[in-house]
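For reference, structure38.txt (compact mmCIF, C-alpha atoms):
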```
# COMPACT_ATOMS: atom_id res chain seq x y z
CA MET A 1421 17.52 -61.79 42.51
CA THR A 1422 19.49 -60.76 45.59
CA ASN A 1423 21.39 -57.96 43.84
CA SER A 1424 18.26 -56.77 42.06
CA LEU A 1425 16.42 -56.46 45.36
CA ARG A 1426 19.29 -54.51 46.90
CA VAL A 1427 19.48 -52.18 43.90
CA LEU A 1428 15.74 -51.55 44.05
CA ALA A 1429 15.99 -50.91 47.79
CA ALA A 1430 18.65 -48.29 47.08
CA LEU A 1431 16.72 -46.71 44.20
CA LEU A 1432 13.67 -46.29 46.42
CA GLY A 1433 15.76 -44.65 49.13
CA TYR A 1434 16.49 -40.96 49.59
CA PRO A 1435 18.46 -39.79 46.50
CA ASP A 1436 21.42 -38.26 48.28
CA ALA A 1437 24.92 -37.81 46.86
CA THR A 1438 26.02 -41.29 47.99
CA LEU A 1439 23.18 -43.01 46.15
CA ARG A 1440 23.75 -40.99 42.98
CA SER A 1441 27.46 -41.81 43.02
CA HIS A 1442 26.64 -45.53 42.87
CA LEU A 1443 24.20 -45.37 39.96
CA PRO A 1444 26.63 -46.83 37.38
CA GLU A 1445 27.39 -49.78 39.66
CA MET A 1446 23.70 -50.34 40.35
CA ARG A 1447 22.93 -50.33 36.64
CA ALA A 1448 25.61 -52.98 36.04
CA LEU A 1449 24.35 -55.20 38.87
CA LEU A 1450 20.84 -55.22 37.44
CA ARG A 1451 22.05 -56.21 34.00
CA ASP A 1452 24.50 -58.85 35.22
CA GLU A 1453 21.89 -60.68 37.30
CA HIS A 1454 19.31 -61.03 34.47
CA ALA A 1455 16.45 -61.23 36.99
CA LEU A 1456 14.29 -58.64 35.19
CA PRO A 1457 13.05 -58.43 31.60
CA ALA A 1458 14.80 -56.11 29.17
CA ALA A 1459 11.84 -53.71 28.95
CA ARG A 1460 11.85 -53.18 32.71
CA LEU A 1461 15.61 -52.66 32.74
CA LEU A 1462 15.20 -49.89 30.18
CA GLU A 1463 12.63 -48.22 32.43
CA LEU A 1464 14.99 -48.47 35.40
CA ASP A 1465 17.74 -46.99 33.23
CA ALA A 1466 15.44 -44.02 32.60
CA LEU A 1467 14.89 -43.60 36.35
CA MET A 1468 18.62 -43.69 37.04
CA ASP A 1469 19.29 -41.28 34.15
CA ALA A 1470 16.73 -38.88 35.60
CA LEU A 1471 18.39 -39.04 39.03
CA ALA A 1472 21.84 -38.51 37.49
CA ARG A 1473 20.72 -35.46 35.49
CA ALA A 1474 18.69 -33.77 38.19
CA GLU A 1475 20.03 -31.02 40.38
CA PRO A 1476 20.76 -32.65 43.77
CA LEU A 1477 18.42 -30.44 45.79
CA ALA A 1478 15.68 -30.81 43.18
CA ALA A 1479 15.96 -34.61 43.19
CA GLU A 1480 15.73 -34.70 46.98
CA ALA A 1481 12.81 -32.27 47.10
CA ASP A 1482 10.95 -34.25 44.42
CA TYR A 1483 11.45 -37.45 46.43
CA VAL A 1484 10.00 -35.89 49.58
CA ASP A 1485 7.08 -34.41 47.65
CA LEU A 1486 6.34 -37.74 45.98
CA PHE A 1487 6.67 -40.18 48.86
CA ASP A 1488 6.11 -38.15 52.02
CA ARG A 1489 3.04 -36.06 51.18
CA GLY A 1490 0.22 -38.54 50.80
CA ARG A 1491 -0.78 -42.10 51.59
CA GLY A 1492 -1.19 -43.26 48.02
CA THR A 1493 2.57 -43.23 47.34
CA SER A 1494 3.84 -43.80 50.88
CA LEU A 1495 6.76 -46.24 51.10
CA HIS A 1496 5.77 -47.17 54.67
CA LEU A 1497 3.81 -50.33 53.93
CA PHE A 1498 1.81 -50.44 57.14
CA GLU A 1499 0.35 -47.03 56.25
CA HIS A 1500 -1.52 -48.88 53.50
CA VAL A 1501 -2.59 -51.63 55.87
CA HIS A 1502 -3.16 -50.25 59.36
CA GLY A 1503 -3.23 -46.51 58.74
CA ASP A 1504 -2.96 -44.72 62.09
CA SER A 1505 -4.73 -47.48 64.02
CA ARG A 1506 -3.36 -49.06 67.18
CA GLU A 1507 -2.47 -52.23 65.26
CA ARG A 1508 0.41 -50.50 63.52
CA GLY A 1509 2.58 -50.16 66.62
CA PRO A 1510 2.70 -53.86 67.54
CA ALA A 1511 3.18 -54.77 63.87
CA LEU A 1512 6.21 -52.46 63.66
CA ILE A 1513 7.67 -53.95 66.83
CA ASP A 1514 7.25 -57.51 65.55
CA LEU A 1515 8.80 -56.68 62.21
CA GLY A 1516 11.72 -54.92 63.90
CA GLN A 1517 12.34 -58.00 66.04
CA THR A 1518 12.29 -60.15 62.90
CA TYR A 1519 15.04 -57.95 61.45
CA GLU A 1520 17.11 -58.19 64.62
CA THR A 1521 16.86 -61.98 64.56
CA ALA A 1522 18.17 -61.94 60.98
CA GLY A 1523 21.03 -59.59 61.95
CA LEU A 1524 19.63 -56.56 60.11
CA VAL A 1525 20.17 -53.25 61.92
CA LEU A 1526 18.00 -50.32 60.87
CA ALA A 1527 19.40 -46.85 60.41
CA GLU A 1528 18.62 -44.40 63.20
CA GLY A 1529 15.05 -43.15 62.88
CA GLU A 1530 14.11 -45.65 60.17
CA LEU A 1531 10.86 -47.57 60.62
CA PRO A 1532 10.75 -51.32 59.91
CA ASP A 1533 7.93 -51.01 57.36
CA TYR A 1534 9.91 -48.60 55.15
CA LEU A 1535 10.02 -50.40 51.80
CA PRO A 1536 13.81 -50.10 51.22
CA ALA A 1537 14.38 -51.70 54.66
CA VAL A 1538 11.88 -54.46 53.86
CA LEU A 1539 13.68 -55.18 50.59
CA GLU A 1540 17.06 -55.30 52.32
CA PHE A 1541 15.64 -57.97 54.62
CA VAL A 1542 14.02 -59.93 51.79
CA SER A 1543 17.34 -59.91 49.90
CA THR A 1544 18.89 -61.96 52.74
CA GLN A 1545 16.37 -64.78 52.29
CA PRO A 1546 16.61 -67.80 49.95
CA VAL A 1547 15.13 -67.11 46.53
CA ARG A 1548 12.02 -69.23 47.04
CA GLU A 1549 11.15 -67.59 50.35
CA ALA A 1550 12.00 -64.12 49.02
CA LYS A 1551 9.69 -64.55 46.04
CA ALA A 1552 6.85 -65.78 48.26
CA PHE A 1553 7.43 -62.88 50.67
CA LEU A 1554 7.18 -60.37 47.82
CA GLY A 1555 4.09 -62.11 46.46
CA GLU A 1556 2.28 -61.60 49.75
CA MET A 1557 2.88 -57.85 49.46
CA ALA A 1558 2.01 -57.63 45.76
CA HIS A 1559 -1.39 -55.99 46.31
CA ILE A 1560 0.32 -53.13 48.18
CA PHE A 1561 3.03 -52.82 45.50
CA ASN A 1562 0.39 -52.67 42.80
CA ALA A 1563 -1.48 -49.86 44.56
CA ILE A 1564 1.71 -47.80 44.94
CA PHE A 1565 2.65 -48.64 41.34
CA ALA A 1566 -0.72 -47.32 40.13
CA ALA A 1567 -0.41 -44.12 42.18
CA LEU A 1568 3.08 -43.47 40.78
CA ARG A 1569 1.92 -44.09 37.22
CA HIS A 1570 -0.95 -41.68 37.83
CA ARG A 1571 1.70 -39.05 38.61
CA ASP A 1572 3.83 -40.07 35.59
CA SER A 1573 6.72 -40.80 37.95
CA PRO A 1574 9.70 -42.83 36.69
CA TYR A 1575 9.75 -44.43 40.17
CA ALA A 1576 6.83 -46.57 38.98
CA SER A 1577 9.42 -48.72 37.18
CA ALA A 1578 10.89 -49.80 40.53
CA LEU A 1579 7.49 -50.98 41.83
CA GLY A 1580 6.84 -52.73 38.52
CA ALA A 1581 10.16 -54.51 38.91
CA LEU A 1582 9.20 -55.69 42.41
CA LEU A 1583 5.96 -57.13 41.10
CA GLU A 1584 7.85 -59.00 38.39
CA LEU A 1585 10.35 -60.38 40.89
CA ALA A 1586 7.33 -61.66 42.84
CA GLY A 1587 6.07 -63.44 39.73
CA GLU A 1588 3.20 -60.99 39.35
CA THR A 1589 2.12 -58.72 36.51
CA ALA A 1590 2.48 -54.98 37.04
CA GLN A 1591 -1.10 -54.02 36.29
CA ALA A 1592 -2.19 -50.50 37.09
CA VAL A 1593 -5.43 -50.08 39.04
CA GLN A 1594 -7.52 -46.92 39.04
CA PRO A 1595 -5.97 -44.74 41.76
CA PRO A 1596 -8.27 -42.86 44.12
CA VAL A 1597 -8.54 -39.10 44.14
CA GLU A 1598 -6.22 -38.00 46.92
CA GLU A 1599 -7.57 -35.66 49.58
CA PRO A 1600 -5.68 -32.58 50.76
CA LEU A 1601 -2.59 -33.45 52.81
CA ASP A 1602 -4.11 -32.86 56.26
CA GLU A 1603 -7.17 -34.96 55.48
CA SER A 1604 -5.27 -37.73 53.73
CA TRP A 1605 -3.12 -38.31 56.79
CA ALA A 1606 -6.20 -38.39 59.01
CA GLU A 1607 -7.67 -41.42 57.20
CA PRO A 1608 -6.06 -43.87 54.77
CA VAL A 1609 -6.95 -43.07 51.17
CA VAL A 1610 -5.90 -46.10 49.18
CA PHE A 1611 -7.30 -48.79 51.46
CA ASP A 1612 -10.27 -47.01 53.08
CA GLY A 1613 -9.27 -47.01 56.73
CA CYS A 1614 -8.21 -50.05 58.70
CA SER A 1615 -10.91 -52.51 57.75
CA SER A 1616 -10.09 -55.60 55.74
CA LYS A 1617 -11.70 -54.02 52.68
CA GLY A 1618 -8.97 -53.23 50.17
CA GLN A 1619 -6.28 -55.08 52.10
CA ALA A 1620 -6.38 -58.24 50.03
CA ARG A 1621 -6.52 -59.48 46.51
CA PRO A 1622 -9.90 -58.85 44.84
CA GLY A 1623 -12.73 -60.71 46.53
CA GLN A 1624 -10.67 -62.02 49.43
CA ALA A 1625 -10.51 -60.49 52.91
CA GLN A 1626 -6.94 -60.54 54.15
CA PRO A 1627 -5.84 -58.71 57.30
CA VAL A 1628 -2.15 -57.97 57.42
CA HIS A 1629 0.10 -58.83 60.32
CA ILE A 1630 3.40 -60.51 61.15
CA VAL A 1631 3.52 -64.30 61.00
CA ARG A 1632 6.67 -65.98 62.19
CA ARG A 1633 8.09 -68.88 60.17
CA PRO A 1634 11.07 -71.14 60.79
CA ALA A 1635 13.16 -69.78 57.92
CA THR A 1636 11.77 -66.27 57.45
CA ALA A 1637 8.90 -64.02 58.36
CA SER A 1638 5.87 -62.82 56.44
CA ILE A 1639 4.33 -59.39 56.56
CA VAL A 1640 1.01 -60.60 55.22
CA SER A 1641 -0.95 -63.61 56.43
CA SER A 1642 -2.75 -65.78 53.92
CA GLY A 1643 -6.05 -66.23 55.74
CA ALA A 1644 -8.85 -64.02 56.94
CA SER A 1645 -9.52 -63.59 60.62
CA SER A 1646 -12.57 -65.32 62.02
```

Encoded form (structure tokens):
Amino acid sequence: MTNSLRVLAALLGYPDATLRSHLPEMRALLRDEHALPAARLLELDALMDALARAEPLAAEADYVDLFDRGRGTSLHLFEHVHGDSRERGPALIDLGQTYETAGLVLAEGELPDYLPAVLEFVSTQPVREAKAFLGEMAHIFNAIFAALRHRDSPYASALGALLELAGETAQAVQPPVEEPLDESWAEPVVFDGCSSKGQARPGQAQPVHIVRRPATASIVSSGASS
């Protein structure tokens, strides 16, 4: 599971020349670990094939257009939870401190809630804790997964793989109609602002914040606030 998480972290990162040069190695690591079903591995193969075939500038431009131009597909997880509210700042600080305690140093300018960084951290945890950690974020993964499928993006396979590593089923939900870029960044689209509505599994209010644990840390708490 550790190698699979690290490969998925890399695949969801910016597709520069360094990443593309390691695609064959990443493909081998996924197959050697046997953490994902064969059907999902084939989908990930298709994603890596697409990255290998694409013109470098086109692949990078497509990545920016897909992940940086709307909330529905944002890889910054707290965008789906806190939006632009004041709660996001303290949550980012707490998560960054959790990384520092674990010895993880973020790249310059990288935010702690960036999904590839989160996966790098999770990959350092014991399997049981890593799986539980992913499970707590599954509702966010599923929303991004649905938005990517709505766009027919091969990157949906990476979110589906994360759900499967968490022991969940990659079920698409009906994605919302995204607003124009300026409006979508003014208010969260997928989770309807910063209320608890939409932040939890169906029928269960679940605010999201950092909870410290002896062995690891959790991005999502399991109870509703009073």

Test item: residues at most 12 Å from A:Glu1463, only C-alpha atoms, excluding those fewer than 6 positions along its chain, as an NGL selection string: :A and (1447 or 1450 or 1456-1457 or 1469-1470 or 1573-1581)

For the atom pair atom CA of A:Val1427 and atom CA of A:Met1446, what is the interatomic distance in Å to one decimal place? 5.8 Å

Need to verify the contact set: A:Leu1554, 8 Å, all atoms listed in the file, exclusion of same-chain residues closer than 2 positions in sequence. Can you return it as number ranges by chain? A: 1542, 1550-1552, 1556-1558, 1582-1583, 1585-1586

Would you output that residue set with C-alpha atoms, as a PDB file, in the frame of the given file?
```
ATOM      1  CA  VAL A1542      14.020 -59.930  51.790  1.00  0.00           C
ATOM      2  CA  ALA A1550      12.000 -64.120  49.020  1.00  0.00           C
ATOM      3  CA  LYS A1551       9.690 -64.550  46.040  1.00  0.00           C
ATOM      4  CA  ALA A1552       6.850 -65.780  48.260  1.00  0.00           C
ATOM      5  CA  GLU A1556       2.280 -61.600  49.750  1.00  0.00           C
ATOM      6  CA  MET A1557       2.880 -57.850  49.460  1.00  0.00           C
ATOM      7  CA  ALA A1558       2.010 -57.630  45.760  1.00  0.00           C
ATOM      8  CA  LEU A1582       9.200 -55.690  42.410  1.00  0.00           C
ATOM      9  CA  LEU A1583       5.960 -57.130  41.100  1.00  0.00           C
ATOM     10  CA  LEU A1585      10.350 -60.380  40.890  1.00  0.00           C
ATOM     11  CA  ALA A1586       7.330 -61.660  42.840  1.00  0.00           C
TER      12      ALA A1586
END
```

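Closest approach to A:Gln1545 among A:Ile1564, A:Ala1522, A:Gly1516, A:Ala1527 is made by A:Ala1522 (distances from only C-alpha atoms).
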
Compare A:Ala1474, A:Val1538, A:Ala1511, A:Ala1458 by their minimum atom-to-atom distance to A:Leu1495, counting only C-alpha atoms, and give me the closest one. A:Val1538

Record the distance separating atom CA of A:Leu1497 and atom CA of A:Asp1533, expressed in Å with one decimal.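 Distance between the two atoms: 5.4 Å.
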
What is the distance between atom CA of A:Leu1449 and atom CA of A:Asn1423, in Å to one decimal?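 Separation between atom CA of A:Leu1449 and atom CA of A:Asn1423: 6.4 Å.
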
Would you mind telling me which residue in A:Ala1448, A:Val1547, A:Pro1532, A:His1442 lies nearest to A:Leu1461 when using all atoms listed in the file?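 Checking each of A:Ala1448, A:Val1547, A:Pro1532, A:His1442 against A:Leu1461, counting all atoms listed in the file, the winner is A:Ala1448.
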
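With distances restricted to all atoms listed in the file, A:Leu1432 is the closest residue to A:Tyr1534 from A:Met1421, A:Ala1567, A:Ala1481, A:Leu1432.
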
What's around A:Glu1475 at 12 Å? Count all atoms listed in the file, leave out sequence neighbours fewer than 6 positions away in its own chain, and write the answer as a PDB file with C-alpha atoms, in the frame of the given file.
```
ATOM      1  CA  PRO A1435      18.460 -39.790  46.500  1.00  0.00           C
ATOM      2  CA  ASP A1436      21.420 -38.260  48.280  1.00  0.00           C
ATOM      3  CA  ALA A1437      24.920 -37.810  46.860  1.00  0.00           C
ATOM      4  CA  ARG A1440      23.750 -40.990  42.980  1.00  0.00           C
ATOM      5  CA  ALA A1481      12.810 -32.270  47.100  1.00  0.00           C
ATOM      6  CA  ASP A1482      10.950 -34.250  44.420  1.00  0.00           C
TER       7      ASP A1482
END
```

Pick from A:Pro1444, A:Leu1477, A:Thr1493, A:Gly1529 nearest to A:Ala1566, counting only C-alpha atoms: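 Among the listed residues, the smallest separation from A:Ala1566 belongs to A:Thr1493.
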